[in-house]
Amino acid sequence: MGNTFSLKENAYRIIVAVAYRFYAVYIKFIGTHQQYDQVDAAPIEMD
């Protein structure tokens with residue numbers, strides 16, 4: 001599951017996955033709150 005953060009004074013949301021083993025952060029989703037409400041963060045896969 002990813003972590004969720006608000007961007008630009010809560011205008012956008014970003015979901016990231018942290019790969020601690022590789023010291024990397026992967027961006028899984030960036031969108032508005034309306035788009036975020038339609039997304040289930042858990043199954044978003046990295047390509």
# chains A, B, ... in the order shown; residues from 1 in each chain; ligands from 1

call {"tool": "residues_around", "arguments": {"residues": "Gln35 in chain A", "least_positions_apart": "3", "cutoff": "12 Å", "atoms": "only C-alpha atoms", "output": "CSV table (one decimal) with all heavy atoms, in the first residue's frame"}}
result
chain,number,residue,atom,x,y,z
A,11,ALA,N,-4.7,21.0,-3.3
A,11,ALA,CA,-5.4,20.9,-4.6
A,11,ALA,C,-5.2,19.6,-5.3
A,11,ALA,O,-6.0,19.2,-6.1
A,11,ALA,CB,-4.9,22.1,-5.5
A,12,TYR,N,-4.1,18.9,-5.0
A,12,TYR,CA,-3.8,17.6,-5.6
A,12,TYR,C,-3.4,16.6,-4.5
A,12,TYR,O,-3.0,17.0,-3.4
A,12,TYR,CB,-2.6,17.8,-6.6
A,12,TYR,CG,-2.9,18.7,-7.7
A,12,TYR,CD1,-2.6,20.0,-7.7
A,12,TYR,CD2,-3.6,18.2,-8.9
A,12,TYR,CE1,-2.9,20.9,-8.7
A,12,TYR,CE2,-3.9,19.0,-9.9
A,12,TYR,CZ,-3.6,20.4,-9.8
A,12,TYR,OH,-3.9,21.2,-10.9
A,13,ARG,N,-3.5,15.3,-4.9
A,13,ARG,CA,-3.0,14.2,-4.1
A,13,ARG,C,-1.9,13.4,-4.8
A,13,ARG,O,-2.0,13.3,-6.0
A,13,ARG,CB,-4.2,13.3,-3.7
A,13,ARG,CG,-5.2,13.9,-2.8
A,13,ARG,CD,-4.8,13.7,-1.4
A,13,ARG,NE,-5.8,14.3,-0.5
A,13,ARG,CZ,-6.5,13.6,0.4
A,13,ARG,NH1,-6.5,12.3,0.4
A,13,ARG,NH2,-7.3,14.2,1.2
A,14,ILE,N,-1.0,12.9,-4.1
A,14,ILE,CA,0.0,12.0,-4.7
A,14,ILE,C,0.1,10.8,-3.8
A,14,ILE,O,0.0,10.8,-2.6
A,14,ILE,CB,1.4,12.8,-4.7
A,14,ILE,CG1,2.4,11.9,-5.3
A,14,ILE,CG2,1.8,13.2,-3.3
A,14,ILE,CD1,3.8,12.6,-5.6
A,15,ILE,N,0.2,9.6,-4.5
A,15,ILE,CA,0.3,8.3,-3.8
A,15,ILE,C,1.7,7.8,-4.1
A,15,ILE,O,2.0,7.7,-5.3
A,15,ILE,CB,-0.7,7.3,-4.2
A,15,ILE,CG1,-2.1,7.8,-3.8
A,15,ILE,CG2,-0.5,6.0,-3.5
A,15,ILE,CD1,-3.3,7.0,-4.4
A,29,PHE,N,0.6,7.6,-8.2
A,29,PHE,CA,-0.6,8.4,-8.7
A,29,PHE,C,-0.4,9.8,-8.3
A,29,PHE,O,0.0,10.2,-7.2
A,29,PHE,CB,-1.9,7.8,-8.0
A,29,PHE,CG,-3.1,8.7,-8.3
A,29,PHE,CD1,-3.8,8.6,-9.4
A,29,PHE,CD2,-3.5,9.6,-7.3
A,29,PHE,CE1,-4.9,9.4,-9.6
A,29,PHE,CE2,-4.6,10.4,-7.5
A,29,PHE,CZ,-5.3,10.3,-8.7
A,30,ILE,N,-0.8,10.7,-9.3
A,30,ILE,CA,-0.9,12.2,-9.0
A,30,ILE,C,-2.2,12.6,-9.6
A,30,ILE,O,-2.5,12.3,-10.8
A,30,ILE,CB,0.2,13.0,-9.6
A,30,ILE,CG1,1.6,12.6,-9.0
A,30,ILE,CG2,0.0,14.5,-9.4
A,30,ILE,CD1,2.8,13.3,-9.7
A,31,GLY,N,-3.0,13.3,-8.9
A,31,GLY,CA,-4.3,13.8,-9.4
A,31,GLY,C,-5.0,14.7,-8.5
A,31,GLY,O,-4.6,14.9,-7.3
A,32,THR,N,-6.2,15.2,-8.9
A,32,THR,CA,-7.0,16.0,-8.1
A,32,THR,C,-7.7,15.2,-7.0
A,32,THR,O,-7.7,14.0,-7.0
A,32,THR,CB,-8.1,16.8,-8.9
A,32,THR,OG1,-9.0,15.8,-9.4
A,32,THR,CG2,-7.4,17.6,-10.0
A,38,GLN,N,-11.8,8.4,-6.7
A,38,GLN,CA,-12.2,7.2,-7.6
A,38,GLN,C,-11.1,6.2,-7.7
A,38,GLN,O,-11.3,5.2,-8.3
A,38,GLN,CB,-12.4,7.8,-9.0
A,38,GLN,CG,-13.6,8.8,-9.0
A,38,GLN,CD,-13.7,9.4,-10.4
A,38,GLN,OE1,-13.0,9.1,-11.3
A,38,GLN,NE2,-14.7,10.3,-10.5
A,39,VAL,N,-10.0,6.3,-6.9
A,39,VAL,CA,-8.8,5.4,-7.0
A,39,VAL,C,-8.7,4.6,-5.7
A,39,VAL,O,-8.9,5.2,-4.6
A,39,VAL,CB,-7.5,6.2,-7.2
A,39,VAL,CG1,-6.3,5.3,-7.1
A,39,VAL,CG2,-7.6,6.9,-8.6
A,40,ASP,N,-8.5,3.3,-5.9
A,40,ASP,CA,-8.1,2.5,-4.7
A,40,ASP,C,-6.6,2.3,-4.7
A,40,ASP,O,-6.0,1.7,-5.6
A,40,ASP,CB,-8.8,1.1,-4.8
A,40,ASP,CG,-8.5,0.2,-3.6
A,40,ASP,OD1,-8.0,0.7,-2.6
A,40,ASP,OD2,-8.9,-0.9,-3.7
A,41,ALA,N,-6.0,3.0,-3.7
A,41,ALA,CA,-4.5,3.0,-3.7
A,41,ALA,C,-3.8,1.7,-3.6
A,41,ALA,O,-2.7,1.5,-4.2
A,41,ALA,CB,-4.1,3.9,-2.6

call {"tool": "atom_distance", "arguments": {"atom1": "CA of Ile27 in chain A", "atom2": "CA of Leu7 in chain A"}}
result
13.1 Å

call {"tool": "select_by_dssp", "arguments": {"residues": "range 1-37 of chain A", "states": "helix (DSSP H, G or I)", "output": "list in words"}}
result
Tyr20, Arg21, Phe22, His33, Gln34, Gln35, Tyr36 and Asp37 of chain A
